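Just run.pdb here, PDB, C-alpha atoms and all ligand atoms:
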```pdb
ATOM      1  CA  MET A  11      44.806  -9.390  -8.406
ATOM      2  CA  ASN A  12      45.774 -12.472 -10.402
ATOM      3  CA  ARG A  13      43.395 -14.285 -12.691
ATOM      4  CA  VAL A  14      42.481 -17.068 -10.246
ATOM      5  CA  LYS A  15      41.700 -14.655  -7.448
ATOM      6  CA  LEU A  16      39.619 -12.585  -9.828
ATOM      7  CA  MET A  17      37.625 -15.661 -10.905
ATOM      8  CA  LEU A  18      37.045 -16.598  -7.251
ATOM      9  CA  ALA A  19      35.907 -13.077  -6.420
ATOM     10  CA  VAL A  20      33.489 -13.029  -9.353
ATOM     11  CA  GLY A  21      32.169 -16.450  -8.358
ATOM     12  CA  TYR A  22      31.702 -15.358  -4.755
ATOM     13  CA  LEU A  23      29.846 -12.213  -5.790
ATOM     14  CA  ALA A  24      27.577 -14.171  -8.123
ATOM     15  CA  ALA A  25      26.799 -16.627  -5.313
ATOM     16  CA  ALA A  26      26.140 -13.761  -2.908
ATOM     17  CA  PHE A  27      23.717 -12.115  -5.340
ATOM     18  CA  GLN A  28      21.990 -15.421  -5.951
ATOM     19  CA  ALA A  29      21.683 -15.968  -2.188
ATOM     20  CA  ALA A  30      20.339 -12.438  -1.682
ATOM     21  CA  ALA A  31      17.716 -13.087  -4.354
ATOM     22  CA  TRP A  32      16.474 -16.104  -2.381
ATOM     23  CA  GLY A  33      16.724 -14.313   0.926
ATOM     24  CA  LEU A  34      19.619 -16.515   2.032
ATOM     25  CA  THR A  35      22.880 -15.635   3.665
ATOM     26  CA  PRO A  36      25.931 -17.853   4.017
ATOM     27  CA  GLU A  37      25.677 -20.052   7.086
ATOM     28  CA  GLY A  38      26.572 -18.239  10.283
ATOM     29  CA  GLU A  39      26.092 -14.756   8.819
ATOM     30  CA  PRO A  40      23.474 -12.661  10.615
ATOM     31  CA  TRP A  41      20.265 -12.310   8.668
ATOM     32  CA  THR A  42      19.818  -8.760   7.443
ATOM     33  CA  PRO A  43      16.759  -6.999   8.853
ATOM     34  CA  ASP A  44      14.609  -5.258   6.300
ATOM     35  CA  ALA A  45      11.668  -2.853   6.269
ATOM     36  CA  GLN A  46       9.174  -5.715   6.190
ATOM     37  CA  ASP A  47      10.313  -6.890   9.624
ATOM     38  CA  GLN A  48       8.887  -3.727  11.197
ATOM     39  CA  ARG A  49       5.441  -3.666  12.744
ATOM     40  CA  ARG A  50       2.728  -2.169  10.551
ATOM     41  CA  ALA A  51       5.248  -1.871   7.720
ATOM     42  CA  LEU A  52       3.000  -3.669   5.290
ATOM     43  CA  PRO A  53      -0.549  -3.168   4.149
ATOM     44  CA  ASN A  54      -2.723  -5.481   6.193
ATOM     45  CA  VAL A  55      -4.343  -8.277   4.186
ATOM     46  CA  SER A  56      -7.091 -10.260   5.877
ATOM     47  CA  ALA A  57      -8.054 -12.436   2.888
ATOM     48  CA  PRO A  58      -7.883 -16.227   3.297
ATOM     49  CA  PRO A  59      -4.738 -18.046   2.139
ATOM     50  CA  GLU A  60      -4.386 -19.191  -1.462
ATOM     51  CA  ARG A  61      -5.207 -22.709  -0.284
ATOM     52  CA  ARG A  62      -7.607 -23.230   2.633
ATOM     53  CA  GLU A  63      -7.053 -26.913   3.331
ATOM     54  CA  PRO A  64      -3.619 -28.493   3.723
ATOM     55  CA  ASN A  65      -2.839 -31.407   1.408
ATOM     56  CA  LEU A  66      -1.585 -33.344   4.410
ATOM     57  CA  GLN A  67      -4.094 -33.887   7.207
ATOM     58  CA  LEU A  68      -2.513 -35.272  10.347
ATOM     59  CA  PRO A  69      -4.008 -38.442  11.846
ATOM     60  CA  PRO A  70      -6.209 -37.713  14.900
ATOM     61  CA  ARG A  71      -4.547 -37.878  18.301
ATOM     62  CA  LYS A  72      -5.867 -38.798  21.695
ATOM     63  CA  ASP A  73      -6.838 -35.609  23.577
ATOM     64  CA  GLU A  74      -3.974 -35.268  26.065
ATOM     65  CA  GLY A  75      -4.739 -31.735  27.230
ATOM     66  CA  ILE A  76      -2.318 -28.810  27.321
ATOM     67  CA  VAL A  77       1.376 -29.415  28.001
ATOM     68  CA  ARG A  78       2.831 -26.889  30.455
ATOM     69  CA  ARG A  79       6.200 -28.518  31.112
ATOM     70  CA  VAL A  80       7.917 -31.896  30.976
ATOM     71  CA  ASP A  81       9.177 -33.961  33.915
ATOM     72  CA  LEU A  82      12.669 -35.103  32.947
ATOM     73  CA  PRO A  83      14.883 -37.917  34.210
ATOM     74  CA  LYS A  84      17.025 -36.805  37.167
ATOM     75  CA  GLY A  85      20.091 -34.802  36.193
ATOM     76  CA  GLU A  86      18.769 -33.784  32.760
ATOM     77  CA  LYS A  87      18.739 -29.966  32.651
ATOM     78  CA  ALA A  88      17.039 -29.258  29.338
ATOM     79  CA  VAL A  89      14.506 -26.475  28.706
ATOM     80  CA  ALA A  90      12.661 -25.211  25.616
ATOM     81  CA  LEU A  91      12.590 -21.599  24.473
ATOM     82  CA  THR A  92       9.431 -20.793  22.518
ATOM     83  CA  PHE A  93       8.533 -17.623  20.630
ATOM     84  CA  ASP A  94       5.053 -16.648  19.496
ATOM     85  CA  LEU A  95       4.492 -14.773  16.239
ATOM     86  CA  CYS A  96       0.987 -13.504  16.775
ATOM     87  CA  GLU A  97      -0.863 -11.392  14.231
ATOM     88  CA  LEU A  98      -4.505 -10.308  14.461
ATOM     89  CA  ASP A  99      -6.873  -9.990  11.520
ATOM     90  CA  ILE A 100      -6.742  -6.194  11.722
ATOM     91  CA  ALA A 101      -3.020  -5.304  11.765
ATOM     92  CA  THR A 102       0.404  -6.668  10.899
ATOM     93  CA  THR A 103       3.151  -7.312  13.430
ATOM     94  CA  GLY A 104       6.903  -7.521  12.919
ATOM     95  CA  CYS A 105       9.743 -10.000  13.096
ATOM     96  CA  ASP A 106      12.366  -9.495  15.793
ATOM     97  CA  MET A 107      15.627 -10.019  13.954
ATOM     98  CA  GLU A 108      17.688  -9.357  17.077
ATOM     99  CA  VAL A 109      16.036 -12.395  18.637
ATOM    100  CA  LEU A 110      16.482 -14.668  15.600
ATOM    101  CA  ASN A 111      20.078 -13.562  15.011
ATOM    102  CA  PHE A 112      20.963 -14.046  18.676
ATOM    103  CA  LEU A 113      19.609 -17.609  18.639
ATOM    104  CA  ARG A 114      21.514 -18.372  15.426
ATOM    105  CA  GLU A 115      24.736 -16.786  16.635
ATOM    106  CA  ARG A 116      24.638 -18.858  19.828
ATOM    107  CA  ARG A 117      23.372 -21.997  18.035
ATOM    108  CA  ILE A 118      20.332 -22.275  20.323
ATOM    109  CA  PRO A 119      17.390 -24.371  19.099
ATOM    110  CA  ALA A 120      13.967 -22.791  19.542
ATOM    111  CA  THR A 121      10.340 -23.359  18.652
ATOM    112  CA  LEU A 122       8.532 -20.588  16.783
ATOM    113  CA  PHE A 123       4.738 -20.650  16.986
ATOM    114  CA  MET A 124       3.595 -18.762  13.903
ATOM    115  CA  GLY A 125       0.224 -17.333  13.065
ATOM    116  CA  GLY A 126      -0.733 -18.368   9.533
ATOM    117  CA  LYS A 127      -1.450 -14.792   8.550
ATOM    118  CA  TRP A 128       1.896 -13.758  10.032
ATOM    119  CA  MET A 129       3.581 -16.401   7.829
ATOM    120  CA  ARG A 130       2.051 -14.808   4.742
ATOM    121  CA  THR A 131       2.929 -11.263   5.860
ATOM    122  CA  HIS A 132       6.533 -12.409   6.445
ATOM    123  CA  ALA A 133       6.768 -14.995   3.654
ATOM    124  CA  ARG A 134      10.386 -14.308   2.734
ATOM    125  CA  ARG A 135      11.468 -14.551   6.355
ATOM    126  CA  VAL A 136       9.520 -17.780   6.924
ATOM    127  CA  ARG A 137      11.169 -19.424   3.909
ATOM    128  CA  GLN A 138      14.517 -18.473   5.434
ATOM    129  CA  ILE A 139      13.502 -19.830   8.866
ATOM    130  CA  MET A 140      12.338 -23.111   7.291
ATOM    131  CA  ARG A 141      15.866 -23.691   5.987
ATOM    132  CA  GLU A 142      17.430 -23.140   9.433
ATOM    133  CA  PRO A 143      17.559 -26.511  11.236
ATOM    134  CA  LEU A 144      17.751 -24.794  14.659
ATOM    135  CA  PHE A 145      14.167 -23.636  14.350
ATOM    136  CA  GLU A 146      11.061 -25.745  14.796
ATOM    137  CA  ILE A 147       7.792 -24.227  13.542
ATOM    138  CA  GLY A 148       4.456 -24.650  15.334
ATOM    139  CA  ASN A 149       0.923 -23.467  14.495
ATOM    140  CA  HIS A 150      -0.421 -20.410  16.367
ATOM    141  CA  ALA A 151      -3.816 -20.136  14.582
ATOM    142  CA  TRP A 152      -4.484 -18.027  11.488
ATOM    143  CA  SER A 153      -5.234 -14.629  13.051
ATOM    144  CA  HIS A 154      -4.973 -15.269  16.795
ATOM    145  CA  GLY A 155      -8.502 -16.582  17.217
ATOM    146  CA  ASN A 156      -9.373 -17.295  20.846
ATOM    147  CA  CYS A 157     -10.118 -21.031  21.028
ATOM    148  CA  ALA A 158     -12.538 -20.524  23.933
ATOM    149  CA  LEU A 159     -14.688 -18.194  21.797
ATOM    150  CA  LEU A 160     -14.434 -19.449  18.214
ATOM    151  CA  SER A 161     -17.160 -21.586  16.665
ATOM    152  CA  ARG A 162     -16.118 -25.100  15.648
ATOM    153  CA  GLU A 163     -15.933 -23.990  11.998
ATOM    154  CA  GLY A 164     -13.982 -20.892  12.991
ATOM    155  CA  LEU A 165     -11.466 -22.935  14.998
ATOM    156  CA  LYS A 166     -11.033 -25.428  12.171
ATOM    157  CA  ALA A 167     -10.345 -22.641   9.663
ATOM    158  CA  GLN A 168      -7.869 -20.906  12.022
ATOM    159  CA  VAL A 169      -5.892 -24.151  12.254
ATOM    160  CA  MET A 170      -6.223 -25.481   8.703
ATOM    161  CA  TRP A 171      -5.537 -22.194   6.916
ATOM    162  CA  THR A 172      -2.300 -22.001   8.898
ATOM    163  CA  GLN A 173      -1.290 -25.570   8.018
ATOM    164  CA  ALA A 174      -2.061 -24.782   4.348
ATOM    165  CA  GLN A 175      -0.090 -21.510   4.367
ATOM    166  CA  TYR A 176       2.887 -23.377   5.842
ATOM    167  CA  GLU A 177       2.661 -25.969   3.062
ATOM    168  CA  LEU A 178       2.620 -23.259   0.386
ATOM    169  CA  LEU A 179       5.795 -21.651   1.738
ATOM    170  CA  ARG A 180       7.485 -25.025   2.189
ATOM    171  CA  GLU A 181       6.713 -25.900  -1.424
ATOM    172  CA  ASP A 182       8.392 -22.631  -2.506
ATOM    173  CA  VAL A 183      11.525 -23.540  -0.543
ATOM    174  CA  LEU A 184      11.706 -27.042  -2.027
ATOM    175  CA  GLN A 185      11.111 -25.726  -5.540
ATOM    176  CA  ASN A 186      13.780 -23.046  -5.153
ATOM    177  CA  ALA A 187      16.255 -25.705  -3.992
ATOM    178  CA  ARG A 188      15.452 -27.927  -6.987
ATOM    179  CA  GLU A 189      15.825 -25.029  -9.395
ATOM    180  CA  ALA A 190      19.188 -24.130  -7.874
ATOM    181  CA  GLY A 191      20.315 -27.754  -8.267
ATOM    182  CA  GLU A 192      20.638 -28.114  -4.485
ATOM    183  CA  PRO A 193      19.416 -31.030  -2.381
ATOM    184  CA  GLU A 194      15.938 -30.405  -0.932
ATOM    185  CA  PRO A 195      16.227 -29.259   2.686
ATOM    186  CA  ASP A 196      14.630 -31.486   5.291
ATOM    187  CA  ILE A 197      11.552 -29.506   6.413
ATOM    188  CA  PRO A 198       8.638 -31.173   8.238
ATOM    189  CA  PRO A 199       5.600 -31.394   5.910
ATOM    190  CA  VAL A 200       3.255 -29.611   8.361
ATOM    191  CA  PRO A 201       3.493 -28.352  11.958
ATOM    192  CA  ARG A 202       2.475 -30.861  14.646
ATOM    193  CA  LEU A 203       2.477 -28.555  17.633
ATOM    194  CA  PHE A 204      -0.144 -25.918  18.372
ATOM    195  CA  ARG A 205      -0.103 -22.962  20.719
ATOM    196  CA  LEU A 206      -3.361 -21.517  22.001
ATOM    197  CA  PRO A 207      -3.678 -17.756  21.381
ATOM    198  CA  TYR A 208      -3.993 -15.998  24.785
ATOM    199  CA  GLY A 209      -3.482 -19.477  26.256
ATOM    200  CA  ARG A 210      -7.307 -19.781  26.111
ATOM    201  CA  SER A 211      -9.087 -23.034  25.499
ATOM    202  CA  SER A 212     -12.294 -24.978  26.066
ATOM    203  CA  GLU A 213     -12.960 -28.695  26.439
ATOM    204  CA  ARG A 214     -14.499 -28.730  22.962
ATOM    205  CA  ALA A 215     -11.498 -26.935  21.451
ATOM    206  CA  LEU A 216      -9.047 -29.388  23.060
ATOM    207  CA  ASN A 217     -11.021 -32.262  21.574
ATOM    208  CA  ASP A 218     -11.182 -30.669  18.125
ATOM    209  CA  LEU A 219      -7.466 -29.786  18.118
ATOM    210  CA  ALA A 220      -6.585 -33.380  19.020
ATOM    211  CA  ALA A 221      -8.898 -34.594  16.230
ATOM    212  CA  MET A 222      -6.890 -32.399  13.847
ATOM    213  CA  GLY A 223      -3.742 -34.213  14.999
ATOM    214  CA  LEU A 224      -2.151 -31.351  16.912
ATOM    215  CA  ARG A 225      -0.343 -31.458  20.239
ATOM    216  CA  ILE A 226      -1.010 -28.407  22.419
ATOM    217  CA  ILE A 227       2.055 -26.821  23.968
ATOM    218  CA  GLN A 228       1.827 -24.042  26.487
ATOM    219  CA  TRP A 229       4.477 -22.829  28.939
ATOM    220  CA  ASP A 230       5.212 -22.843  32.637
ATOM    221  CA  VAL A 231       7.301 -19.653  32.507
ATOM    222  CA  ALA A 232       5.888 -16.530  30.825
ATOM    223  CA  ALA A 233       9.137 -14.631  30.391
ATOM    224  CA  GLU A 234       8.093 -11.156  29.282
ATOM    225  CA  ALA A 235       6.550  -8.910  31.900
ATOM    226  CA  GLY A 236       6.876  -5.196  31.262
ATOM    227  CA  ASP A 237       9.373  -3.170  29.266
ATOM    228  CA  THR A 238      12.889  -4.658  29.357
ATOM    229  CA  SER A 239      14.431  -2.467  26.690
ATOM    230  CA  ASN A 240      17.111  -1.061  28.999
ATOM    231  CA  LEU A 241      19.917  -3.171  30.369
ATOM    232  CA  LYS A 242      19.168  -2.587  34.048
ATOM    233  CA  ARG A 243      15.564  -3.695  33.728
ATOM    234  CA  ALA A 244      16.510  -6.607  31.468
ATOM    235  CA  ARG A 245      19.068  -7.835  34.040
ATOM    236  CA  ARG A 246      16.583  -7.710  36.873
ATOM    237  CA  ALA A 247      13.857  -9.407  34.801
ATOM    238  CA  GLY A 248      16.355 -11.967  33.478
ATOM    239  CA  ARG A 249      17.255 -13.058  37.019
ATOM    240  CA  ARG A 250      13.565 -13.291  37.937
ATOM    241  CA  VAL A 251      12.785 -15.441  34.880
ATOM    242  CA  ALA A 252      15.813 -17.694  35.371
ATOM    243  CA  SER A 253      14.802 -18.274  39.005
ATOM    244  CA  MET A 254      11.437 -19.678  37.836
ATOM    245  CA  VAL A 255      12.974 -22.110  35.351
ATOM    246  CA  ARG A 256      13.289 -25.774  36.283
ATOM    247  CA  PRO A 257      14.537 -28.731  34.209
ATOM    248  CA  GLY A 258      11.807 -29.450  31.641
ATOM    249  CA  SER A 259      10.448 -25.890  31.658
ATOM    250  CA  ILE A 260       8.905 -24.328  28.584
ATOM    251  CA  LEU A 261       9.504 -20.581  28.331
ATOM    252  CA  LEU A 262       7.192 -18.192  26.488
ATOM    253  CA  PHE A 263       8.625 -15.221  24.594
ATOM    254  CA  HIS A 264       7.449 -13.316  21.505
ATOM    255  CA  ALA A 265       9.404 -12.529  18.347
ATOM    256  CA  ASN A 266       6.843 -10.260  16.669
ATOM    257  CA  ARG A 267       8.213  -7.011  18.107
ATOM    258  CA  VAL A 268       5.128  -6.453  20.249
ATOM    259  CA  PRO A 269       6.585  -6.772  23.782
ATOM    260  CA  LYS A 270       9.330  -4.193  24.371
ATOM    261  CA  GLY A 271      12.847  -5.452  24.979
ATOM    262  CA  THR A 272      12.517  -9.198  24.306
ATOM    263  CA  ALA A 273      15.980  -9.478  22.742
ATOM    264  CA  LEU A 274      17.758  -7.943  25.731
ATOM    265  CA  LEU A 275      15.753 -10.066  28.171
ATOM    266  CA  LEU A 276      16.435 -13.231  26.156
ATOM    267  CA  ARG A 277      20.188 -12.630  26.287
ATOM    268  CA  GLU A 278      20.083 -12.264  30.078
ATOM    269  CA  VAL A 279      17.946 -15.376  30.508
ATOM    270  CA  VAL A 280      20.131 -17.495  28.229
ATOM    271  CA  ASP A 281      23.378 -16.341  29.866
ATOM    272  CA  THR A 282      22.049 -17.014  33.363
ATOM    273  CA  LEU A 283      20.659 -20.440  32.485
ATOM    274  CA  GLN A 284      23.789 -21.528  30.630
ATOM    275  CA  LYS A 285      25.948 -20.542  33.619
ATOM    276  CA  THR A 286      23.843 -22.831  35.807
ATOM    277  CA  GLY A 287      24.176 -25.812  33.467
ATOM    278  CA  PHE A 288      20.928 -25.682  31.489
ATOM    279  CA  ARG A 289      20.829 -26.568  27.805
ATOM    280  CA  PHE A 290      18.230 -25.740  25.188
ATOM    281  CA  VAL A 291      16.162 -28.063  23.013
ATOM    282  CA  SER A 292      13.112 -27.566  20.802
ATOM    283  CA  ALA A 293       9.678 -28.123  22.346
ATOM    284  CA  GLY A 294       9.241 -31.202  20.146
ATOM    285  CA  GLU A 295      12.478 -32.695  21.444
ATOM    286  CA  LEU A 296      11.653 -31.841  25.062
ATOM    287  CA  LEU A 297       8.333 -33.711  24.772
ATOM    288  CA  GLY A 298      10.198 -36.873  23.833
ATOM    289  CA  MET A 299      12.585 -36.640  26.783
ATOM    290  CA  GLY A 300      10.209 -37.223  29.667
ATOM    291  CA  GLN A 301       6.682 -37.110  31.003
ATOM    292  CA  PRO A 302       4.615 -34.083  29.920
ATOM    293  CA  ARG A 303       2.696 -32.283  32.689
ATOM    294  CA  THR A 304      -0.686 -31.208  31.409
ATOM    295  CA  VAL A 305      -3.691 -29.089  32.380
ATOM    296  CA  ARG A 306      -7.205 -28.829  30.925
ATOM    297  CA  ASP A 307      -7.483 -25.048  31.078
ATOM    298  CA  GLY A 308      -4.712 -22.770  29.801
ATOM    299  CA  TYR A 309      -3.367 -19.788  31.773
ATOM    300  CA  PHE A 310      -0.338 -17.509  32.019
ATOM    301  CA  THR A 311       0.910 -17.924  35.582
ATOM    302  CA  SER A 312      -2.144 -18.797  37.647
ATOM    303  CA  PRO A 313      -5.421 -20.464  36.612
ATOM    304  CA  GLY A 314      -7.971 -18.007  35.228
ATOM    305  CA  ASP A 315      -5.516 -15.114  34.796
ATOM    306  CA  ASN A 316      -6.169 -14.874  31.035
ATOM    307  CA  ARG A 317      -9.985 -14.901  31.046
ATOM    308  CA  ALA A 318     -10.223 -11.101  31.012
ATOM    309  CA  LEU A 319      -8.538 -11.156  27.575
ATOM    310  CA  ASP A 320     -11.745 -12.644  26.102
ATOM    311  CA  LYS A 321     -13.251  -9.167  26.016
ATOM    312  CA  LYS A 322     -10.256  -7.230  24.724
ATOM    313  CA  PHE A 323      -9.568  -8.295  21.137
ATOM    314  CA  GLY A 324     -12.778  -7.974  19.167
ATOM    315  CA  ALA A 325     -15.467 -10.622  18.938
ATOM    316  CA  ASP A 326     -13.161 -13.634  19.214
ATOM    317  CA  GLY A 327      -9.537 -12.631  19.707
ATOM    318  CA  THR A 328      -8.860 -11.845  16.039
ATOM    319  CA  GLY A 329      -9.591  -8.144  16.513
ATOM    320  CA  ARG A 330     -12.615  -8.392  14.189
ATOM    321  CA  ARG A 331     -15.947  -6.925  15.255
ATOM    322  CA  THR A 332     -17.795  -9.892  13.823
ATOM    323  CA  PRO A 333     -16.879 -13.507  14.591
ATOM    324  CA  PHE A 334     -14.370 -15.272  12.368
ATOM    325  CA  THR A 335     -16.154 -18.176  10.695
ATOM    326  CA  GLY A 336     -13.699 -19.131   7.941
ATOM    327  CA  ARG A 337     -16.273 -18.426   5.228
TER     328      ARG A 337
HETATM  329 ZN    ZN A 401      -0.049 -15.181  20.474
END
```
Taking this structure as input, can you express it in the form of structure tokens?
Amino acid sequence: MNRVKLMLAVGYLAAAFQAAAWGLTPEGEPWTPDAQDQRRALPNVSAPPERREPNLQLPPRKDEGIVRRVDLPKGEKAVALTFDLCELDIATTGCDMEVLNFLRERRIPATLFMGGKWMRTHARRVRQIMREPLFEIGNHAWSHGNCALLSREGLKAQVMWTQAQYELLREDVLQNAREAGEPEPDIPPVPRLFRLPYGRSSERALNDLAAMGLRIIQWDVAAEAGDTSNLKRARRAGRRVASMVRPGSILLFHANRVPKGTALLLREVVDTLQKTGFRFVSAGELLGMGQPRTVRDGYFTSPGDNRALDKKFGADGTGRRTPFTGR
């Protein structure tokens, strides 16, 4: 090896170590899964975030209800893939690296609705996601509080703690960039989209969420239904999902390793939709492309089909026995 090559090799290694220290990989490289991406890999922490109120409060919005899909101009075949990262108060969930790496490998934009507590559990991963322009981040409540059951104070804390946790991680990313002498990446100051845990809502919650400046995005296609971790099942389910998709659809998936076989199903859905001329945009972009179709009461596939979930996850969806109040 001549001297120049040696210098280049040393430089490359130094850069690689530096990148590893920040949890970065060169563009296009798959992100390396680690032990923290597993479910229940970490001790569960249910303490509030370091900061409970975000520095930036969004201006109030008009209450426009819950967006299920968007009517697009004729001939426009765009759809939004969305992935929820739900985490209850009482346990940690994972991060599906097969899903994230697939989206990055295929350069597919997606919207990730993150629980605030999940963001803290997976802080390193979230900082990495923030630097990836393909991914849009939305708010999915602090610890999956059910908006139909939470008190007003409880709902406010579920939303604001999440906005604040996002800000803390964003500040880390910007500071790391400054310290490395790099330009600051362009990361939205706080999420503007909100996803209702369990798809549950109430008139009061819709009003309060709008007052907090958030736009509520649901889905018209709930993609996961049953175990799709073998190829045969994933193919069958993929065809079923693709047949329900229309231009302007919003698809619901999870990336927290709770449903079984999301990555395999996602691949089938994406391949089928791409073959039929669909393209993928973030939920935020889709909203700007046409006329949102809204409802006043959230559901999975037919009105009322999620009400039974009110009784299944503790006092108010967070898994706690006592209501979450934010105090
Ligand atoms: Zn969820």
### Task
Pick out the residues no farther than 6 Å from ligand ZN 401 (chain A), counting all atoms listed in the file, and list them as a PyMOL selection string.
chain A and resi 94+96+207-208
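From atom CA of Gln284 of chain A back to atom CA of Arg256 of chain A, the distance works out to 12.7 Å.
Each of A:Pro143, A:Gly236, A:Pro43, A:Gly258 was checked against Gly298 of chain A using only C-alpha atoms; the smallest atom-to-atom distance is that of A:Gly258.
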### Query
So how far away is atom CA of Lys270 of chain A from atom CA of Arg245 of chain A, in Å?
14.2 Å
### Task
Quick one: apply the PyMOL selection byres (((chain A and resi 283) around 12) and not hetatm) to the file and drop the selected residues here as number ranges by chain.
A: 87-91, 248-257, 259, 261, 276-282, 284-290
N, CA and C atoms of segment 43-58 of chain A, written as an mmCIF file, in the first residue's frame:
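Heads up, here's the output in part.cif:
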```cif
data_model
loop_
_atom_site.group_PDB
_atom_site.id
_atom_site.type_symbol
_atom_site.label_atom_id
_atom_site.label_comp_id
_atom_site.auth_asym_id
_atom_site.auth_seq_id
_atom_site.Cartn_x
_atom_site.Cartn_y
_atom_site.Cartn_z
ATOM 1 N N PRO A 43 -28.702 -2.854 13.200
ATOM 2 C CA PRO A 43 -29.568 -3.094 14.365
ATOM 3 C C PRO A 43 -28.710 -3.322 15.607
ATOM 4 N N ASP A 44 -29.206 -2.925 16.740
ATOM 5 C CA ASP A 44 -28.492 -3.249 17.970
ATOM 6 C C ASP A 44 -29.466 -3.757 19.035
ATOM 7 N N ALA A 45 -28.911 -4.156 20.166
ATOM 8 C CA ALA A 45 -29.721 -4.810 21.208
ATOM 9 C C ALA A 45 -30.875 -3.916 21.661
ATOM 10 N N GLN A 46 -30.663 -2.609 21.617
ATOM 11 C CA GLN A 46 -31.703 -1.695 22.096
ATOM 12 C C GLN A 46 -32.925 -1.641 21.194
ATOM 13 N N ASP A 47 -32.800 -2.172 19.969
ATOM 14 C CA ASP A 47 -33.953 -2.183 19.068
ATOM 15 C C ASP A 47 -34.946 -3.298 19.407
ATOM 16 N N GLN A 48 -34.505 -4.243 20.245
ATOM 17 C CA GLN A 48 -35.391 -5.348 20.626
ATOM 18 C C GLN A 48 -36.481 -4.877 21.583
ATOM 19 N N ARG A 49 -37.586 -5.577 21.584
ATOM 20 C CA ARG A 49 -38.622 -5.298 22.583
ATOM 21 C C ARG A 49 -38.122 -5.694 23.963
ATOM 22 N N ARG A 50 -38.523 -4.967 24.958
ATOM 23 C CA ARG A 50 -38.208 -5.258 26.356
ATOM 24 C C ARG A 50 -36.711 -5.437 26.599
ATOM 25 N N ALA A 51 -35.894 -4.811 25.742
ATOM 26 C CA ALA A 51 -34.446 -4.951 25.892
ATOM 27 C C ALA A 51 -33.926 -3.995 26.954
ATOM 28 N N LEU A 52 -34.712 -3.004 27.273
ATOM 29 C CA LEU A 52 -34.233 -1.944 28.151
ATOM 30 C C LEU A 52 -35.059 -1.926 29.420
ATOM 31 N N PRO A 53 -34.488 -1.428 30.508
ATOM 32 C CA PRO A 53 -35.334 -1.239 31.677
ATOM 33 C C PRO A 53 -36.403 -0.205 31.335
ATOM 34 N N ASN A 54 -37.599 -0.428 31.805
ATOM 35 C CA ASN A 54 -38.678 0.502 31.484
ATOM 36 C C ASN A 54 -38.615 1.706 32.427
ATOM 37 N N VAL A 55 -38.636 2.899 31.855
ATOM 38 C CA VAL A 55 -38.624 4.118 32.660
ATOM 39 C C VAL A 55 -39.931 4.859 32.403
ATOM 40 N N SER A 56 -40.705 5.105 33.449
ATOM 41 C CA SER A 56 -41.965 5.813 33.215
ATOM 42 C C SER A 56 -41.942 7.241 33.757
ATOM 43 N N ALA A 57 -40.757 7.729 34.117
ATOM 44 C CA ALA A 57 -40.631 9.115 34.600
ATOM 45 C C ALA A 57 -40.978 10.101 33.479
ATOM 46 N N PRO A 58 -41.364 11.317 33.844
ATOM 47 C CA PRO A 58 -41.609 12.340 32.807
ATOM 48 C C PRO A 58 -40.315 12.690 32.072
#
```
